[in-house]
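> Sharing input.tsv, TSV, C-alpha atoms and all ligand atoms:
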```
chain	number	residue	atom	x	y	z
A	4	MET	CA	36.73	31.41	0.72
A	5	LEU	CA	38.39	29.03	3.14
A	6	ASN	CA	35.38	29.34	5.42
A	7	ASN	CA	33.00	28.65	2.53
A	8	GLN	CA	35.02	25.62	1.63
A	9	LYS	CA	34.92	24.39	5.23
A	10	LEU	CA	31.15	24.90	5.30
A	11	HIS	CA	30.85	23.02	2.03
A	12	TYR	CA	32.87	20.09	3.39
A	13	SER	CA	30.94	20.05	6.64
A	14	VAL	CA	27.61	19.93	4.75
A	15	ILE	CA	28.90	17.06	2.61
A	16	ASN	CA	30.13	15.34	5.77
A	17	GLU	CA	26.75	15.70	7.41
A	18	ILE	CA	24.96	14.27	4.38
A	19	PHE	CA	27.43	11.38	4.33
A	20	ILE	CA	26.90	10.69	8.04
A	21	ASN	CA	23.11	10.88	7.55
A	22	VAL	CA	23.30	8.42	4.68
A	23	ILE	CA	25.21	6.00	6.86
A	24	LEU	CA	23.30	6.52	10.09
A	25	GLN	CA	19.77	7.22	8.99
A	26	LYS	CA	18.98	6.08	5.49
A	27	LYS	CA	21.16	3.08	4.86
A	28	ILE	CA	21.20	1.68	8.34
A	29	MET	CA	21.18	-2.08	8.22
A	30	LEU	CA	21.65	-4.64	10.98
A	31	GLN	CA	22.56	-8.11	9.80
A	32	HIS	CA	23.11	-11.63	11.07
A	33	GLU	CA	23.66	-14.18	8.30
A	34	LYS	CA	20.48	-14.33	6.14
A	35	ILE	CA	18.50	-12.00	8.42
A	36	ILE	CA	18.62	-8.25	7.83
A	37	LEU	CA	16.92	-5.39	9.64
A	38	ARG	CA	16.55	-2.31	7.41
A	39	PRO	CA	14.24	0.72	7.21
A	40	LEU	CA	10.86	0.13	5.56
A	41	ASN	CA	10.22	1.72	2.16
A	42	ASN	CA	7.24	2.21	-0.17
A	43	ASN	CA	8.06	-0.96	-2.11
A	44	ASP	CA	7.26	-3.02	1.00
A	45	SER	CA	3.56	-2.12	1.12
A	46	THR	CA	2.09	-5.07	-0.84
A	47	GLU	CA	4.06	-7.76	0.97
A	48	LEU	CA	3.57	-6.03	4.32
A	49	ALA	CA	-0.22	-6.02	3.85
A	50	LEU	CA	-0.23	-9.69	2.74
A	51	LEU	CA	1.73	-10.86	5.78
A	52	ALA	CA	0.12	-8.59	8.38
A	53	ASN	CA	-3.44	-9.43	7.36
A	54	ASN	CA	-3.49	-12.51	9.57
A	55	LYS	CA	-5.70	-12.96	12.64
A	56	LYS	CA	-3.08	-15.27	14.21
A	57	ILE	CA	-0.68	-12.32	14.24
A	58	TRP	CA	-3.24	-9.72	15.33
A	59	ASP	CA	-4.35	-11.92	18.27
A	60	ASN	CA	-0.95	-11.26	19.87
A	61	LEU	CA	-0.77	-7.51	19.20
A	62	ARG	CA	-2.43	-4.38	20.55
A	63	ASP	CA	-5.79	-3.33	19.17
A	64	TYR	CA	-4.57	-0.08	17.55
A	65	ILE	CA	-3.09	-2.29	14.84
A	66	PRO	CA	-5.86	-2.76	12.27
A	67	PHE	CA	-7.42	-6.08	11.33
A	68	PRO	CA	-8.21	-6.79	8.54
A	69	TYR	CA	-4.93	-5.15	7.48
A	70	THR	CA	-5.25	-3.48	4.08
A	71	ILE	CA	-2.74	-2.10	1.60
A	72	ASN	CA	-3.74	1.40	2.75
A	73	ASP	CA	-2.89	0.45	6.34
A	74	ALA	CA	0.51	-0.72	5.13
A	75	ILE	CA	1.10	2.50	3.17
A	76	SER	CA	0.13	4.70	6.15
A	77	PHE	CA	2.37	2.70	8.48
A	78	ILE	CA	5.33	2.91	6.11
A	79	ASN	CA	4.83	6.66	5.63
A	80	MET	CA	4.75	7.11	9.40
A	81	VAL	CA	8.02	5.28	10.07
A	82	LYS	CA	10.15	5.44	6.94
A	83	ASP	CA	11.90	8.72	7.77
A	84	GLN	CA	12.42	8.20	11.51
A	85	LYS	CA	15.56	9.78	12.93
A	86	PRO	CA	17.01	7.77	14.48
A	87	VAL	CA	15.53	4.72	12.77
A	88	MET	CA	13.41	2.86	15.34
A	89	THR	CA	11.27	0.65	13.09
A	90	PHE	CA	12.76	-1.98	10.81
A	91	ALA	CA	11.63	-4.34	8.10
A	92	ILE	CA	12.89	-7.85	8.83
A	93	GLU	CA	14.24	-9.56	5.72
A	94	PHE	CA	14.98	-13.27	5.48
A	95	ASP	CA	16.96	-14.42	2.46
A	96	GLY	CA	16.04	-11.21	0.62
A	97	HIS	CA	12.29	-11.37	1.42
A	98	LEU	CA	10.35	-9.09	3.74
A	99	CYS	CA	9.11	-11.38	6.51
A	100	GLY	CA	8.11	-9.12	9.41
A	101	VAL	CA	8.55	-5.90	11.33
A	102	ILE	CA	10.38	-5.05	14.55
A	103	GLY	CA	10.63	-1.73	16.35
A	104	LEU	CA	11.59	0.14	19.45
A	105	VAL	CA	9.27	2.73	20.97
A	106	ALA	CA	10.98	5.43	23.03
A	107	GLN	CA	9.43	5.92	26.46
A	108	LYS	CA	8.88	9.42	27.80
A	109	ASP	CA	9.78	11.69	30.68
A	110	VAL	CA	11.65	9.88	33.47
A	111	TYR	CA	11.38	6.68	31.40
A	112	ARG	CA	13.30	8.17	28.49
A	113	LYS	CA	16.27	5.80	28.84
A	114	THR	CA	13.86	2.91	28.29
A	115	ALA	CA	12.46	1.62	25.01
A	116	GLU	CA	9.69	-0.88	24.41
A	117	VAL	CA	10.31	-3.56	21.79
A	118	GLY	CA	7.54	-4.91	19.53
A	119	TYR	CA	7.69	-7.39	16.65
A	120	TRP	CA	5.82	-9.81	14.44
A	121	ILE	CA	6.87	-12.39	11.85
A	122	GLY	CA	4.67	-13.42	8.88
A	123	GLU	CA	3.25	-16.94	9.30
A	124	PRO	CA	5.15	-18.54	6.36
A	125	TYR	CA	8.36	-17.64	8.18
A	126	TRP	CA	7.54	-18.92	11.67
A	127	ASN	CA	9.87	-21.32	13.50
A	128	LYS	CA	13.01	-20.53	11.54
A	129	GLY	CA	14.68	-18.62	14.37
A	130	ILE	CA	13.99	-15.25	12.70
A	131	ALA	CA	12.36	-13.47	15.67
A	132	THR	CA	15.16	-14.65	17.95
A	133	VAL	CA	17.79	-13.07	15.70
A	134	ALA	CA	15.72	-9.91	15.05
A	135	VAL	CA	15.30	-9.31	18.80
A	136	LYS	CA	19.03	-9.88	19.32
A	137	LEU	CA	19.92	-7.33	16.62
A	138	ILE	CA	17.50	-4.62	17.75
A	139	THR	CA	18.44	-5.09	21.42
A	140	GLU	CA	22.13	-4.58	20.61
A	141	TYR	CA	21.20	-1.55	18.47
A	142	GLY	CA	19.07	-0.07	21.27
A	143	PHE	CA	21.84	-0.40	23.83
A	144	ASP	CA	24.91	0.32	21.70
A	145	GLN	CA	23.67	2.90	19.17
A	146	LEU	CA	20.73	4.57	20.90
A	147	ASP	CA	22.09	4.34	24.44
A	148	TYR	CA	18.98	2.98	26.11
A	149	VAL	CA	19.67	1.31	29.45
A	150	ARG	CA	16.50	-0.79	29.59
A	151	ILE	CA	14.36	-2.48	26.92
A	152	HIS	CA	11.06	-4.02	27.93
A	153	THR	CA	7.87	-5.46	26.56
A	154	GLY	CA	4.63	-7.17	27.53
A	155	VAL	CA	3.47	-10.55	26.21
A	156	PHE	CA	-0.07	-11.91	26.39
A	157	GLU	CA	-0.23	-14.98	28.64
A	158	TYR	CA	-0.88	-17.46	25.81
A	159	ASN	CA	2.04	-16.33	23.62
A	160	THR	CA	4.64	-18.88	24.67
A	161	GLY	CA	6.55	-18.48	21.39
A	162	SER	CA	7.25	-14.79	22.04
A	163	MET	CA	8.24	-15.47	25.66
A	164	LYS	CA	10.77	-18.01	24.41
A	165	VAL	CA	12.18	-15.51	21.90
A	166	LEU	CA	12.77	-13.01	24.72
A	167	GLU	CA	14.22	-15.55	27.14
A	168	LYS	CA	16.63	-16.80	24.45
A	169	ASN	CA	17.86	-13.20	24.22
A	170	GLY	CA	18.53	-12.83	27.93
A	171	TYR	CA	15.32	-10.95	28.80
A	172	LYS	CA	14.05	-11.78	32.28
A	173	LYS	CA	10.46	-12.00	33.38
A	174	ASP	CA	9.81	-9.06	35.71
A	175	GLY	CA	6.40	-10.30	36.69
A	176	ILE	CA	2.86	-10.94	35.61
A	177	PHE	CA	0.37	-8.08	35.34
A	178	GLU	CA	-2.75	-9.98	36.21
A	179	LYS	CA	-5.89	-9.23	34.17
A	180	ALA	CA	-4.08	-6.36	32.41
A	181	ILE	CA	-5.28	-7.22	28.89
A	182	LEU	CA	-8.67	-7.16	27.18
A	183	LYS	CA	-8.25	-8.92	23.83
A	184	ASN	CA	-10.89	-10.61	21.68
A	185	GLY	CA	-13.50	-9.94	24.38
A	186	GLN	CA	-11.60	-11.78	27.12
A	187	ILE	CA	-9.39	-10.72	30.03
A	188	TRP	CA	-5.82	-12.05	30.03
A	189	ASN	CA	-2.66	-11.70	32.10
A	190	GLU	CA	0.34	-9.91	30.64
A	191	HIS	CA	3.88	-11.24	31.21
A	192	ARG	CA	6.35	-8.37	31.44
A	193	PHE	CA	9.95	-8.88	30.29
A	194	SER	CA	13.01	-6.64	30.35
A	195	LYS	CA	16.72	-6.61	29.60
A	196	LEU	CA	19.22	-4.14	31.03
A	197	LYS	CA	22.30	-2.71	29.33
B	201	LIG	C1	5.97	-15.18	18.37
B	201	LIG	C2	6.75	-15.01	17.05
B	201	LIG	C3	7.33	-13.61	17.02
B	201	LIG	C4	7.84	-16.06	16.99
B	201	LIG	O1	8.58	-15.84	15.81
B	201	LIG	P1	9.53	-16.98	15.20
B	201	LIG	O2	10.43	-16.35	14.22
B	201	LIG	O3	8.67	-18.10	14.73
B	201	LIG	O4	10.35	-17.43	16.50
B	201	LIG	P2	11.68	-18.29	16.51
B	201	LIG	O5	11.70	-19.18	15.32
B	201	LIG	O6	12.83	-17.39	16.75
B	201	LIG	O7	11.40	-19.22	17.79
B	201	LIG	C5	12.06	-19.08	19.04
B	201	LIG	C6	11.66	-20.27	19.89
B	201	LIG	O8	10.26	-20.20	20.19
B	201	LIG	C7	9.61	-21.38	19.78
B	201	LIG	N1	8.30	-21.03	19.27
B	201	LIG	C8	8.01	-20.23	18.23
B	201	LIG	N2	6.67	-20.14	18.07
B	201	LIG	C9	6.12	-20.88	19.06
B	201	LIG	C10	4.79	-21.19	19.44
B	201	LIG	N3	3.73	-20.69	18.78
B	201	LIG	N4	4.60	-21.98	20.51
B	201	LIG	C11	5.64	-22.48	21.21
B	201	LIG	N5	6.95	-22.24	20.90
B	201	LIG	C12	7.16	-21.46	19.83
B	201	LIG	C13	10.51	-21.95	18.70
B	201	LIG	O9	10.31	-23.35	18.55
B	201	LIG	C14	11.88	-21.60	19.22
B	201	LIG	O10	12.26	-22.51	20.23
B	201	LIG	P3	13.63	-23.35	20.13
B	201	LIG	O11	14.72	-22.34	20.01
B	201	LIG	O12	13.65	-24.12	21.38
B	201	LIG	O13	13.49	-24.16	18.90
B	201	LIG	C15	5.80	-15.22	15.83
B	201	LIG	O14	5.11	-16.43	15.98
B	201	LIG	C16	4.81	-14.10	15.66
B	201	LIG	O15	5.09	-13.11	15.02
B	201	LIG	N6	3.59	-14.23	16.24
B	201	LIG	C17	2.54	-13.25	16.10
B	201	LIG	C18	2.91	-11.86	16.61
B	201	LIG	C19	3.55	-11.86	17.98
B	201	LIG	O16	3.30	-12.74	18.80
B	201	LIG	N7	4.39	-10.85	18.25
B	201	LIG	C20	5.02	-10.71	19.55
B	201	LIG	C21	4.11	-9.99	20.48
B	201	LIG	S1	4.79	-9.93	22.14
```
Please express the file's structure as structure tokens.
Ligand SMILES: CC(C)(COP(=O)(O)OP(=O)(O)OC[C@H]1O[C@@H](n2cnc3c(N)ncnc32)[C@H](O)[C@@H]1OP(=O)(O)O)[C@@H](O)C(=O)NCCC(=O)NCCS

Amino acid sequence: MLNNQKLHYSVINEIFINVILQKKIMLQHEKIILRPLNNNDSTELALLANNKKIWDNLRDYIPFPYTINDAISFINMVKDQKPVMTFAIEFDGHLCGVIGLVAQKDVYRKTAEVGYWIGEPYWNKGIATVAVKLITEYGFDQLDYVRIHTGVFEYNTGSMKVLEKNGYKKDGIFEKAILKNGQIWNEHRFSKLK
């Protein structure tokens, strides 16, 4: 009986911990919140992501035009991640973008890659700077990565500034690494260490 009771309490405990760690996880700085995506985000996500000015700075596996079905598939893919690696960015209660970490594999498994975009109506409000700060702290403190890195296309000075403001350093330039919109571009590689 005692053992059953213990089991019961430990199951409740586990659910409680999961609720805190997995489902309700929320990173916040003033009006900016990072939280898991959910099915209610699909319409707004599709509206914001369907923008060539955003897609021009992202990898080609991300669809353009970006439809509601693309948004639904993306949300279904990431909404139950354990641990949560992909977050909706909210500003003042509105979904305004997405940020995520991608775990690297094999000997690179203590490294994550960060990726993000902000919807055009929300540009230049300091949102990406705060979102990168929050996810970088989360990656180091909660997920125990020791290195977070990313690559930025040579013309994306805004994103480079966001990274530099968060203490990322430029590791170098991968010359001619990118084919985007039918042209070859350099990629600027940034990283931050724990
Ligand atoms: C790049 C991007 C993430 C910037 O988001 P944001 O929320 O507007 O950035 P912030 O407001 O935090 O700006 C940080 C700094 O960069 C500057 N900045 C932002 N966009 C800029 C641009 N297009 N050109 C030059 N500087 C820019 C800001 O003025 C600010 O500088 P300051 O602190 O000196 O005032 C956003 O424009 C975006 O999502 N672009 C498309 C997708 C993308 O590029 N993703 C990143 C791929 S690596």
> From the list A:Phe94, A:Tyr158, A:Trp126, A:Phe67, which residue is nearest ligand LIG 201 (chain B) when using all atoms listed in the file?
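The answer is A:Trp126, which sits nearest to ligand LIG 201 (chain B).
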> Would you mind telling me which residue in A:Ala106, A:Val165, A:Val149, A:Ile121 lies nearest to Lys136 in chain A when using all atoms listed in the file?
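Once distances to Lys136 in chain A are computed over all atoms listed in the file, the minimum belongs to A:Val165.
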> With distances taken over only C-alpha atoms and all ligand atoms, which of A:Gly142, A:Gly175, A:Gly185, A:Gly118 is nearest to ligand LIG 201 (chain B)?
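Going through A:Gly142, A:Gly175, A:Gly185, A:Gly118 one by one, the smallest distance to ligand LIG 201 (chain B) is for A:Gly118.
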> Within 6 Å of ligand LIG 201 (chain B), counting only C-alpha atoms and all ligand atoms, which protein or nucleic acid residues do you find, written as a count of residues only?
19
> Could you pull the residues within 8 Å of Trp188 in chain A, counting all atoms listed in the file, minus those fewer than 4 positions along the same chain, as a list of chain:residue names?
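Everything that qualifies: A:Phe156, A:Glu157, A:Glu178, A:Lys179, A:Ala180, A:Ile181, A:Leu182, A:Lys183.
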> Would you save the residues of that selection, restricted to C-alpha atoms, as a PDB file, keeping the file's coordinate frame?

```
ATOM      1  CA  PHE A 156      -0.070 -11.910  26.390  1.00  0.00           C
ATOM      2  CA  GLU A 157      -0.230 -14.980  28.640  1.00  0.00           C
ATOM      3  CA  GLU A 178      -2.750  -9.980  36.210  1.00  0.00           C
ATOM      4  CA  LYS A 179      -5.890  -9.230  34.170  1.00  0.00           C
ATOM      5  CA  ALA A 180      -4.080  -6.360  32.410  1.00  0.00           C
ATOM      6  CA  ILE A 181      -5.280  -7.220  28.890  1.00  0.00           C
ATOM      7  CA  LEU A 182      -8.670  -7.160  27.180  1.00  0.00           C
ATOM      8  CA  LYS A 183      -8.250  -8.920  23.830  1.00  0.00           C
TER       9      LYS A 183
END
```
> Which of these, A:Glu116, A:Asp109, A:Glu140, A:Asp73, has the shortest distance to Gly154 in chain A once you count all atoms listed in the file?
A:Glu116
> Tell me, counting only C-alpha atoms, for each residue of range 99-140 of chain A within 9 Å of range 27-32 of chain A, which pair of atoms is nearest and how far apart they are in Å to one decimal, in rows ordered by chain and increasing number, as CSV.

```
residue,atom,partner,partner_atom,distance
A:Val133,CA,A:His32,CA,7.2
A:Ala134,CA,A:His32,CA,8.6
A:Leu137,CA,A:Leu30,CA,6.5
A:Ile138,CA,A:Leu30,CA,7.9
```
> Could you check the closest approach to Val135 in chain A for each of A:Lys168, A:His191, A:Arg62, A:Lys55 and tell me which residue wins, using all atoms listed in the file?
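Using all atoms listed in the file, Val135 in chain A sits closest to A:Lys168.
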> So what do you get for CA of Ala115 in chain A versus CA of Ile78 in chain A, distance-wise?
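Between CA of Ala115 in chain A and CA of Ile78 in chain A the gap is 20.2 Å.
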> Give me, please, the distance in Å between CA of Thr114 in chain A and CA of Leu37 in chain A, quoted to one decimal.
20.6 Å
> A:Asp83, A:Asp95, A:Asp147, A:Asp174: which is nearest Arg112 in chain A, counting all atoms listed in the file?
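Once distances to Arg112 in chain A are computed over all atoms listed in the file, the minimum belongs to A:Asp147.
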